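Q: What follows is the file upload_6.txt, containing compact mmCIF, C-alpha atoms:
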```txt
# COMPACT_ATOMS: atom_id res chain seq x y z
CA MET A 51 -4.89 -30.17 -32.21
CA GLN A 52 -3.52 -27.33 -34.28
CA ASP A 53 0.14 -26.42 -33.93
CA LYS A 54 0.70 -23.30 -31.87
CA GLU A 55 3.26 -20.72 -33.00
CA TRP A 56 4.80 -17.73 -31.29
CA VAL A 57 3.38 -14.44 -32.50
CA ASP A 58 6.86 -12.90 -32.84
CA SER A 59 8.96 -14.64 -35.45
CA GLY A 60 12.31 -15.77 -34.08
CA THR A 61 11.07 -16.32 -30.54
CA SER A 62 11.45 -20.09 -30.70
CA SER A 63 15.04 -19.82 -31.92
CA ALA A 64 15.91 -17.31 -29.18
CA LEU A 65 14.43 -19.53 -26.46
CA ARG A 66 16.21 -22.64 -27.77
CA LEU A 67 19.54 -20.82 -27.73
CA LEU A 68 18.90 -19.52 -24.22
CA ILE A 69 17.87 -22.94 -22.88
CA ASP A 70 20.81 -24.66 -24.57
CA ASP A 71 23.25 -22.12 -23.20
CA ASN A 72 21.91 -22.40 -19.63
CA ALA A 73 21.87 -26.21 -19.78
CA ALA A 74 25.48 -26.32 -20.95
CA ASN A 75 26.64 -23.88 -18.28
CA ILE A 76 25.00 -25.09 -15.08
CA ASP A 77 28.40 -25.52 -13.41
CA VAL A 78 30.39 -23.16 -15.63
CA ALA A 79 30.77 -19.45 -15.00
CA ARG A 80 31.06 -18.37 -18.65
CA HIS A 81 28.49 -18.64 -21.44
CA ARG A 82 28.96 -20.80 -24.52
CA VAL A 83 26.83 -18.60 -26.78
CA PRO A 84 28.84 -15.60 -28.08
CA ALA A 85 27.88 -12.14 -26.85
CA CYS A 86 26.92 -11.05 -30.36
CA ILE A 87 24.30 -13.84 -30.51
CA TYR A 88 22.84 -12.66 -27.20
CA HIS A 89 22.75 -9.10 -28.45
CA CYS A 90 21.21 -9.79 -31.86
CA ILE A 91 18.92 -12.78 -31.26
CA ILE A 92 18.14 -13.20 -27.55
CA ALA A 93 18.18 -9.66 -26.10
CA PRO A 94 15.39 -8.28 -28.34
CA PHE A 95 12.95 -10.68 -26.63
CA LEU A 96 13.99 -9.72 -23.08
CA HIS A 97 11.76 -6.68 -22.90
CA PHE A 98 8.30 -5.88 -21.60
CA ASP A 99 5.64 -4.30 -23.79
CA ALA A 100 2.99 -4.33 -21.06
CA PRO A 101 3.09 -3.35 -17.36
CA GLN A 102 4.19 -6.19 -15.13
CA PRO A 103 2.43 -7.10 -11.84
CA ASN A 104 3.85 -6.96 -8.29
CA GLN A 105 5.35 -3.46 -8.54
CA LEU A 106 5.39 -1.26 -5.43
CA TYR A 107 4.40 2.43 -5.59
CA ALA A 108 5.05 5.16 -3.01
CA LEU A 109 2.83 8.16 -3.74
CA GLY A 110 2.83 11.66 -2.32
CA GLY A 111 3.28 12.34 1.38
CA ARG A 112 5.25 15.15 2.97
CA ASN A 113 8.97 15.73 3.43
CA GLU A 114 11.08 16.81 6.39
CA VAL A 115 10.23 20.49 5.88
CA GLN A 116 6.50 19.65 5.99
CA GLN A 117 5.94 20.18 2.27
CA ALA A 118 3.30 18.10 0.51
CA LEU A 119 4.77 16.04 -2.32
CA ALA A 120 3.65 15.12 -5.82
CA ALA A 121 6.54 12.67 -6.22
CA VAL A 122 5.86 9.05 -7.18
CA GLU A 123 8.47 6.30 -6.95
CA MET A 124 8.08 2.68 -8.00
CA PHE A 125 10.10 -0.26 -6.74
CA ASP A 126 10.88 -2.40 -9.79
CA THR A 127 10.71 -6.01 -8.60
CA TRP A 128 12.36 -7.26 -11.80
CA HIS A 129 15.56 -5.32 -11.25
CA GLY A 130 15.36 -4.71 -7.48
CA ARG A 131 15.60 -0.93 -7.65
CA TRP A 132 13.53 2.23 -7.15
CA ILE A 133 12.69 4.29 -10.23
CA SER A 134 10.98 7.67 -10.58
CA CYS A 135 7.54 7.87 -12.17
CA PRO A 136 5.79 10.99 -13.46
CA ASP A 137 4.65 13.30 -10.67
CA MET A 138 0.99 13.46 -9.74
CA LEU A 139 -0.99 16.42 -11.04
CA ALA A 140 -1.35 17.76 -7.49
CA ARG A 141 0.76 17.59 -4.35
CA ARG A 142 -0.92 15.18 -1.92
CA ALA A 143 -0.10 14.37 1.69
CA GLY A 144 -2.41 12.25 3.83
CA CYS A 145 -3.86 10.71 0.67
CA ALA A 146 -4.73 7.07 0.03
CA ALA A 147 -4.53 4.80 -3.00
CA ALA A 148 -5.89 1.57 -4.46
CA VAL A 149 -5.76 -0.33 -7.75
CA LEU A 150 -8.73 -0.31 -10.12
CA PRO A 151 -9.86 -3.49 -11.91
CA ASN A 152 -8.16 -2.32 -15.14
CA GLY A 153 -4.78 -2.09 -13.35
CA HIS A 154 -4.75 1.71 -13.12
CA LEU A 155 -3.73 3.36 -9.83
CA PHE A 156 -6.38 5.47 -8.10
CA VAL A 157 -5.19 8.16 -5.66
CA VAL A 158 -7.84 9.69 -3.43
CA GLY A 159 -8.03 12.97 -1.48
CA GLY A 160 -5.36 14.30 0.88
CA TYR A 161 -4.17 17.89 1.19
CA ASP A 162 -1.82 20.00 -0.92
CA GLU A 163 0.77 22.70 -0.24
CA LYS A 164 -1.88 24.96 1.32
CA GLY A 165 -2.19 22.66 4.35
CA ILE A 166 -4.78 20.51 6.07
CA VAL A 167 -7.53 23.15 6.02
CA GLU A 168 -7.24 25.38 2.96
CA GLY A 169 -5.51 22.63 0.99
CA LEU A 170 -8.09 19.92 1.73
CA LEU A 171 -8.68 17.89 -1.46
CA GLN A 172 -11.85 16.38 -2.82
CA SER A 173 -10.26 15.36 -6.11
CA CYS A 174 -8.83 12.03 -7.27
CA GLU A 175 -6.19 11.09 -9.83
CA ILE A 176 -5.68 8.04 -12.03
CA PHE A 177 -2.31 6.70 -13.21
CA ASN A 178 -2.07 4.64 -16.38
CA PRO A 179 1.05 2.42 -16.01
CA ALA A 180 1.17 1.59 -19.73
CA LYS A 181 1.10 5.22 -20.88
CA GLN A 182 2.99 6.48 -17.79
CA SER A 183 0.53 9.35 -17.47
CA TRP A 184 -1.78 10.87 -14.87
CA SER A 185 -5.33 12.07 -15.50
CA ARG A 186 -7.89 13.75 -13.28
CA GLY A 187 -10.58 11.45 -11.99
CA SER A 188 -13.96 12.28 -13.48
CA ALA A 189 -15.65 11.82 -10.09
CA HIS A 190 -14.79 13.74 -6.90
CA LEU A 191 -15.28 12.45 -3.39
CA GLN A 192 -18.61 13.51 -1.97
CA ARG A 193 -16.63 14.84 0.98
CA ALA A 194 -13.04 16.07 0.88
CA ARG A 195 -10.83 14.21 3.36
CA TRP A 196 -7.29 13.44 4.45
CA GLY A 197 -5.93 10.87 6.90
CA HIS A 198 -8.38 8.33 5.51
CA GLY A 199 -7.73 4.81 4.29
CA CYS A 200 -8.50 3.17 0.97
CA ALA A 201 -8.84 -0.44 -0.12
CA SER A 202 -10.26 -2.38 -3.05
CA LEU A 203 -12.98 -4.98 -2.55
CA ASP A 204 -15.01 -6.76 -5.22
CA GLY A 205 -13.88 -4.34 -7.92
CA LYS A 206 -14.80 -1.21 -5.95
CA VAL A 207 -12.69 1.25 -3.94
CA TYR A 208 -13.65 2.29 -0.41
CA ALA A 209 -12.55 5.54 1.25
CA VAL A 210 -12.86 5.17 5.02
CA GLY A 211 -12.87 7.84 7.74
CA GLY A 212 -10.28 10.62 7.84
CA CYS A 213 -10.61 14.33 8.61
CA SER A 214 -12.64 17.06 6.94
CA LEU A 215 -14.36 20.40 7.48
CA ARG A 216 -17.83 20.32 8.95
CA HIS A 217 -20.53 20.81 6.37
CA GLY A 218 -20.96 24.48 5.53
CA ALA A 219 -18.17 25.64 7.86
CA PRO A 220 -15.51 28.22 6.89
CA PRO A 221 -11.97 26.90 6.19
CA GLU A 222 -10.64 27.14 9.74
CA GLU A 223 -9.03 24.41 11.83
CA ALA A 224 -11.58 24.96 14.60
CA PHE A 225 -14.24 23.53 12.26
CA MET A 226 -12.34 20.37 11.31
CA GLU A 227 -13.69 17.03 12.48
CA THR A 228 -12.79 13.35 12.45
CA LEU A 229 -15.13 11.31 10.29
CA ARG A 230 -17.26 8.20 10.60
CA SER A 231 -18.38 8.57 7.01
CA CYS A 232 -17.24 6.20 4.27
CA GLU A 233 -17.65 6.30 0.51
CA VAL A 234 -17.43 3.67 -2.22
CA TYR A 235 -16.28 4.25 -5.80
CA ASP A 236 -17.76 2.13 -8.59
CA PRO A 237 -15.48 2.24 -11.66
CA ALA A 238 -18.32 1.01 -13.90
CA LYS A 239 -20.40 4.07 -12.99
CA SER A 240 -17.43 6.39 -12.35
CA SER A 241 -19.10 7.75 -9.23
CA TRP A 242 -18.70 7.94 -5.44
CA GLN A 243 -21.59 7.00 -3.17
CA GLN A 244 -22.03 7.09 0.59
CA CYS A 245 -21.91 3.70 2.28
CA SER A 246 -22.30 2.43 5.83
CA PRO A 247 -20.47 4.66 8.37
CA LEU A 248 -17.95 3.44 10.92
CA ASN A 249 -19.08 2.89 14.48
CA THR A 250 -16.26 5.16 15.73
CA PRO A 251 -14.77 8.23 14.01
CA ARG A 252 -11.27 7.31 12.78
CA ALA A 253 -8.39 9.21 11.21
CA GLY A 254 -5.01 7.57 10.74
CA ALA A 255 -6.64 4.14 10.67
CA ARG A 256 -5.29 1.63 8.15
CA ILE A 257 -7.67 -0.27 5.89
CA VAL A 258 -6.87 -3.76 4.62
CA THR A 259 -8.79 -6.23 2.48
CA LEU A 260 -9.41 -9.68 3.99
CA GLY A 261 -10.34 -12.27 1.41
CA SER A 262 -13.11 -11.45 -1.03
CA GLN A 263 -15.73 -10.24 1.45
CA TYR A 264 -14.25 -8.11 4.24
CA LEU A 265 -12.40 -4.89 5.01
CA ALA A 266 -10.72 -4.21 8.35
CA ALA A 267 -10.22 -0.71 9.79
CA VAL A 268 -7.33 -0.94 12.26
CA GLY A 269 -6.75 1.59 15.04
CA GLY A 270 -6.60 5.32 14.34
CA CYS A 271 -7.54 8.36 16.36
CA ASP A 272 -11.14 9.24 17.22
CA ASP A 273 -10.83 13.04 17.50
CA VAL A 274 -7.76 14.60 15.89
CA PHE A 275 -8.83 18.16 16.67
CA GLY A 276 -10.25 17.72 20.16
CA ARG A 277 -9.58 15.48 23.13
CA ALA A 278 -8.00 12.78 21.03
CA GLU A 279 -7.90 9.12 21.97
CA ILE A 280 -5.68 6.69 20.11
CA LEU A 281 -7.71 3.58 19.37
CA ALA A 282 -6.99 -0.10 19.98
CA THR A 283 -10.24 -1.17 18.35
CA ILE A 284 -10.80 -2.82 14.97
CA GLU A 285 -13.90 -2.68 12.81
CA LEU A 286 -14.85 -5.17 10.11
CA PHE A 287 -16.88 -4.34 7.00
CA ASP A 288 -18.91 -7.14 5.44
CA SER A 289 -19.63 -6.42 1.78
CA THR A 290 -22.58 -8.84 1.91
CA SER A 291 -24.44 -6.97 4.65
CA GLY A 292 -22.87 -3.59 3.84
CA ARG A 293 -22.22 -2.90 7.55
CA TRP A 294 -19.27 -2.22 9.85
CA SER A 295 -19.01 -4.28 13.05
CA LEU A 296 -16.87 -3.37 16.05
CA LEU A 297 -14.86 -6.44 17.07
CA ALA A 298 -14.69 -7.36 20.73
CA SER A 299 -10.99 -8.30 20.69
CA GLN A 300 -8.60 -5.38 20.45
CA LEU A 301 -4.97 -4.60 19.68
CA THR A 302 -2.54 -5.06 22.55
CA THR A 303 -1.46 -1.42 22.06
CA PRO A 304 -3.53 1.54 20.80
CA ARG A 305 -2.09 2.73 17.46
CA THR A 306 -2.64 5.40 14.84
CA THR A 307 -0.76 6.01 11.55
CA ALA A 308 0.81 2.58 11.97
CA ALA A 309 2.07 0.18 9.30
CA VAL A 310 -0.65 -2.42 8.70
CA ALA A 311 -0.83 -5.25 6.17
CA ALA A 312 -2.90 -8.42 5.75
CA LEU A 313 -0.81 -11.59 5.97
CA ASP A 314 -3.75 -13.63 4.69
CA ASP A 315 -7.54 -13.48 5.03
CA ARG A 316 -7.37 -14.04 8.81
CA GLU A 317 -4.18 -12.40 10.14
CA ILE A 318 -3.02 -8.76 10.14
CA LEU A 319 0.49 -7.49 10.86
CA ILE A 320 0.64 -4.16 12.74
CA PHE A 321 3.87 -2.27 13.41
CA GLY A 322 4.68 1.13 14.94
CA GLY A 323 2.32 4.08 14.97
CA ALA A 324 2.08 7.26 17.04
CA PRO A 325 3.72 8.13 19.32
CA SER A 326 6.66 6.58 17.42
CA LEU A 327 6.14 3.01 18.63
CA SER A 328 8.65 0.25 17.87
CA SER A 329 6.42 -2.66 18.90
CA CYS A 330 4.81 -5.13 16.52
CA GLU A 331 1.93 -7.57 16.76
CA VAL A 332 -0.06 -9.96 14.62
CA TYR A 333 -3.82 -9.69 15.08
CA GLY A 334 -5.90 -12.80 14.44
CA VAL A 335 -9.39 -12.04 13.18
CA PRO A 336 -11.98 -13.84 15.33
CA GLU A 337 -13.06 -17.22 14.04
CA GLN A 338 -16.62 -17.73 12.83
CA SER A 339 -18.56 -20.86 11.88
CA ASP A 340 -19.24 -21.44 8.21
CA SER A 341 -22.82 -20.25 8.58
CA GLN A 342 -22.02 -17.23 10.77
CA GLN A 343 -20.91 -13.95 9.24
CA PHE A 344 -19.56 -10.71 10.70
CA SER A 345 -22.92 -8.97 10.93
CA GLY A 346 -22.79 -7.50 14.38
CA GLU A 347 -22.57 -10.65 16.50
CA THR A 348 -19.96 -10.58 19.24
CA PRO A 349 -16.99 -12.78 18.27
CA GLN A 350 -16.17 -15.42 20.86
CA ARG A 351 -12.43 -15.50 20.36
CA LYS A 352 -9.70 -14.52 17.95
CA LEU A 353 -7.01 -16.54 16.27
CA GLU A 354 -3.88 -17.03 18.33
CA ALA A 355 -1.11 -15.33 16.33
CA PRO A 356 2.57 -16.20 16.70
CA PRO A 357 4.73 -13.70 18.61
CA ILE A 358 7.03 -11.45 16.60
CA CYS A 359 10.03 -9.43 17.69
CA ASP A 360 9.98 -5.64 17.77
CA ILE A 361 12.12 -3.23 15.74
CA THR A 362 14.83 -1.26 17.55
CA GLU A 363 13.57 2.16 16.38
CA GLY A 364 9.96 3.28 16.32
CA ARG A 365 8.20 5.16 13.57
CA MET A 366 4.81 6.63 12.79
CA GLY A 367 3.15 7.89 9.62
CA CYS A 368 4.42 4.78 7.84
CA GLN A 369 2.59 2.40 5.53
CA ALA A 370 2.87 -1.33 4.88
CA ILE A 371 1.84 -3.73 2.15
CA THR A 372 2.18 -7.43 1.38
CA ILE A 373 4.43 -8.22 -1.59
CA ASP A 374 6.37 -11.14 -3.07
CA LEU A 375 10.17 -10.75 -2.82
CA PRO A 376 13.17 -13.01 -3.50
CA GLY A 377 13.97 -15.56 -0.83
CA PRO A 378 17.07 -15.15 1.36
CA GLY A 379 20.17 -15.26 -0.82
CA LYS A 380 18.11 -15.13 -4.02
CA SER A 381 18.02 -12.33 -6.58
CA TYR A 382 15.39 -10.39 -8.50
CA PRO A 383 13.16 -11.07 -10.40
CA LEU A 384 12.64 -14.43 -8.68
CA CYS A 385 10.04 -13.12 -6.23
CA THR A 386 8.72 -16.24 -4.51
CA ASP A 387 8.53 -15.38 -0.81
CA ARG A 388 5.59 -13.55 0.76
CA CYS A 389 6.79 -10.52 2.73
CA VAL A 390 5.49 -7.32 4.27
CA VAL A 391 7.38 -4.12 3.53
CA VAL A 392 7.16 -1.01 5.73
CA VAL A 393 7.85 2.24 3.87
CA GLY A 394 8.22 5.84 5.03
CA GLY A 395 7.31 7.41 8.34
CA GLU A 396 9.03 9.64 10.87
CA ASN A 397 10.46 9.28 14.35
CA GLY A 398 8.27 12.03 15.80
CA ASP A 399 11.10 13.83 17.66
CA GLU A 400 11.78 17.39 16.56
CA ASP A 401 15.35 18.68 16.29
CA TRP A 402 16.51 22.20 17.21
CA ASP A 403 15.15 23.57 13.92
CA GLY A 404 11.72 22.02 14.43
CA TYR A 405 12.21 19.25 11.88
CA THR A 406 11.50 15.57 12.41
CA ARG A 407 13.64 12.86 10.84
CA HIS A 408 11.93 10.93 8.08
CA PHE A 409 12.93 7.37 7.25
CA ASN A 410 14.21 6.20 3.90
CA ASN A 411 15.11 2.65 4.96
CA VAL A 412 12.53 0.00 4.15
CA LEU A 413 11.72 -2.73 6.68
CA VAL A 414 10.96 -6.26 5.46
CA TYR A 415 9.06 -8.88 7.46
CA ASP A 416 9.42 -12.41 6.11
CA VAL A 417 6.06 -14.13 6.60
CA LYS A 418 7.37 -17.69 6.27
CA ALA A 419 10.32 -17.12 8.63
CA ASN A 420 8.18 -15.04 11.03
CA SER A 421 11.03 -12.56 11.44
CA TRP A 422 12.39 -9.26 10.19
CA ARG A 423 15.09 -9.41 7.54
CA PRO A 424 18.34 -7.38 7.91
CA GLN A 425 17.53 -3.69 7.49
CA ASP A 426 20.08 -3.17 4.71
CA GLU A 427 18.62 -5.91 2.50
CA PHE A 428 16.02 -3.73 0.75
CA PRO A 429 17.12 -0.61 -1.19
CA PRO A 430 16.19 2.66 0.59
CA ILE A 431 13.49 4.78 -0.95
CA PRO A 432 15.05 7.81 -2.75
CA THR A 433 12.66 10.36 -1.21
CA PRO A 434 12.16 10.04 2.57
CA ARG A 435 8.54 10.83 3.34
CA THR A 436 5.70 10.40 5.79
CA ALA A 437 1.89 10.53 5.39
CA LEU A 438 2.31 8.77 2.04
CA ALA A 439 0.14 6.30 0.15
CA LEU A 440 1.41 2.83 -0.71
CA CYS A 441 0.04 0.68 -3.49
CA LEU A 442 0.87 -2.61 -5.22
CA GLY A 443 0.00 -2.76 -8.91
CA PRO A 444 1.22 -3.17 -12.48
CA GLY A 445 4.24 -1.14 -13.55
CA ARG A 446 6.32 -0.61 -16.66
CA ILE A 447 9.71 -2.28 -16.61
CA VAL A 448 12.43 -0.60 -18.64
CA GLY A 449 15.22 -2.52 -20.38
CA TYR A 450 16.47 -6.02 -19.67
CA ARG A 451 19.11 -7.54 -17.45
```
Now, as a test, write the supplied structure out as structure tokens.
A:
Amino acid sequence: MQDKEWVDSGTSSALRLLIDDNAANIDVARHRVPACIYHCIIAPFLHFDAPQPNQLYALGGRNEVQQALAAVEMFDTWHGRWISCPDMLARRAGCAAAVLPNGHLFVVGGYDEKGIVEGLLQSCEIFNPAKQSWSRGSAHLQRARWGHGCASLDGKVYAVGGCSLRHGAPPEEAFMETLRSCEVYDPAKSSWQQCSPLNTPRAGARIVTLGSQYLAAVGGCDDVFGRAEILATIELFDSTSGRWSLLASQLTTPRTTAAVAALDDREILIFGGAPSLSSCEVYGVPEQSDSQQFSGETPQRKLEAPPICDITEGRMGCQAITIDLPGPGKSYPLCTDRCVVVVGGENGDEDWDGYTRHFNNVLVYDVKANSWRPQDEFPPIPTPRTALALCLGPGRIVGYR
């Protein structure tokens, strides 16, 4: 076999020095290698020329004075801190986001500073983590929407449900409706197409990917602008059949705008939701035989999920995502433990000035321990917000430790 060499000259020497220094100082607080050697030989290689995976993005939303935001903040899982990213090209509340196969972030729909009717957005934006720049998506949604959910499946992005104006109607709230319609974006064709509709209109539902074949639409509200009913139902989309199926087993509590994340390809964590709930549950997707798929058949039972304790204070308008974080007592960037983080949201109670309190503390559920970590363990997000989008993707790391 041919000898393999590092592309950057000097890398081998830097690594040998670093290994030798760590081996000699396992039980010693100080380093043997002088600081000048670290600075001149080792430090130049402790940098990142490409975006690193497992970075958490909070995009858009609205603040405590009900203003739509363009702000984007990324949690740097190498340094354990929030950093500011370039603002989106448009303010977007009630938007949704997913990651494209090339690692770019894709932000879809929402509404801007003009509000949920006149500010309804059909446009999309794309963020390039390497260039740290936003560009307008070349393809618009076939139907403008906010309060929808997005998720990636098999290299495509699905936009599910939400709210929009009726076709051909003037921009007035009386003509807004909750949607069953769903669209799918194919990056290879750079186009949106209609796909199978939901069985029930849903806005405020959360969409999660389960394995390589399914999407789940969890809860939501079936008629935001009429006689609304908060939903306890869950629908499952099978990419093989291209259909949504309404599952027989339901949530223990109806929820909309809750924090929802997939623990694995069979279990879903659900926390909070309107009206400012503090309860939490783990939903087990019904079991199927190897030959049976989710194609409309009535599931016989669902997985029995372990109980989980509630949080002391409820919130709604929050989002959740599964991410690897350091274990208890460990430090960044050693992210080895699977966790669910809950970001953003509001308590739903107006003060004397008509404002609602928005949360900046981030909740962390430890999957292995089946418990919530102390609430001061994760750094608070700099910009409190609700109706935001949350996304896990590559991000540029600045500097070294």
Q: Need to verify the contact set: region 143-146 of chain A, 8 Å, all atoms listed in the file, exclusion of same-chain residues closer than 3 positions in sequence. Can you return it as a VMD selection string?
A: chain A and resid 110 to 112 118 to 119 157 to 162 196 to 200 437 to 440
Q: I'd like the contact shell of region 286-296 of chain A - 8 Å cut-off, all atoms listed in the file, skipping same-chain residues fewer than 2 positions apart - returned as JSON, numbers by chain.
A: {"A": [245, 246, 247, 248, 249, 263, 264, 265, 266, 267, 283, 284, 298, 344, 345, 346]}
Q: Which is closer to Tyr382 (chain A) than all the others in A:Phe428, A:Asp315, A:Ala238, A:Ala224, using all atoms listed in the file?
A: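 That would be A:Phe428, the residue with the smallest distance to Tyr382 (chain A).
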Q: Around (-6.0, -2.4, 13.7) in the file's frame, which residues reach within 10 Å when counting all atoms listed in the file? Return as an MDAnalysis selection string?
A: chainID A and resid 255:258 266:270 281:286 300:306 308:311 318:321 331:333
Q: Residues within 6 Å of region 176-185 of chain A, please, as a VMD selection string. Count all atoms listed in the file; anything in the same chain fewer than 6 positions from it doesn't count.
A: chain A and resid 101 154 to 156 445
Q: Using all atoms listed in the file, find the one residue out of A:Val392, A:Val448, A:Ala121, A:Cys232 that sits nearest to Arg423 (chain A).
A: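 Closest to Arg423 (chain A), using all atoms listed in the file: A:Val392.
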Q: Give as an MDAnalysis selection string each residue that has an atom at most 9 Å from (-8.6, 21.0, 12.2) in the file, counting only C-alpha atoms.
A: chainID A and resid 166:167 213:215 222:228 274:276
Q: Those same residues - C-alpha atoms - I'd like them written as a CSV table (one decimal), in the coordinates of the input.
A:
```
chain,number,residue,atom,x,y,z
A,166,ILE,CA,-4.8,20.5,6.1
A,167,VAL,CA,-7.5,23.2,6.0
A,213,CYS,CA,-10.6,14.3,8.6
A,214,SER,CA,-12.6,17.1,6.9
A,215,LEU,CA,-14.4,20.4,7.5
A,222,GLU,CA,-10.6,27.1,9.7
A,223,GLU,CA,-9.0,24.4,11.8
A,224,ALA,CA,-11.6,25.0,14.6
A,225,PHE,CA,-14.2,23.5,12.3
A,226,MET,CA,-12.3,20.4,11.3
A,227,GLU,CA,-13.7,17.0,12.5
A,228,THR,CA,-12.8,13.4,12.4
A,274,VAL,CA,-7.8,14.6,15.9
A,275,PHE,CA,-8.8,18.2,16.7
A,276,GLY,CA,-10.2,17.7,20.2
```
Q: For a test of reading the model, state the distance in Å between CA of Gly254 (chain A) and CA of Ile280 (chain A), rounded to one decimal.
A: 9.4 Å
Q: Tell me which protein, DNA and RNA residues are within 6 Å of Gly211 (chain A), counting all atoms listed in the file, leaving out same-chain ones fewer than 6 positions away, and put them as a list in words.
A: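 Within the cut-off, the hits are His198, Leu229, Arg230, Ser231, Cys232, Arg252 and Ala253 of chain A.
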Q: Could you work out how far CA of Gly153 (chain A) lies from CA of Gly205 (chain A), giving the answer in Å with one decimal?
A: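 Value for the CA of Gly205 (chain A)-CA of Gly153 (chain A) distance: 10.8 Å.
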Q: Restricting the calculation to all atoms listed in the file: of A:Glu123, A:Glu168, A:Asp314, A:Glu175, which residue gets closest to Ala140 (chain A)?
A: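 Of the candidates, the smallest distance to Ala140 (chain A) is held by A:Glu175.
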Q: Do you have the CA of Ile133 (chain A)-CA of Ile431 (chain A) distance handy?
A: 9.3 Å
Q: Smallest atom-to-atom distance to Glu337 (chain A): which of A:Ser134, A:Ser299, A:Gln105, A:Thr250, using only C-alpha atoms?
A: A:Ser299
Q: Select, from A:Leu171, A:Ile373, A:Leu260, A:Val414, the residue with the minimum atom-to-atom distance to Arg316 (chain A), counting only C-alpha atoms.
A: A:Leu260
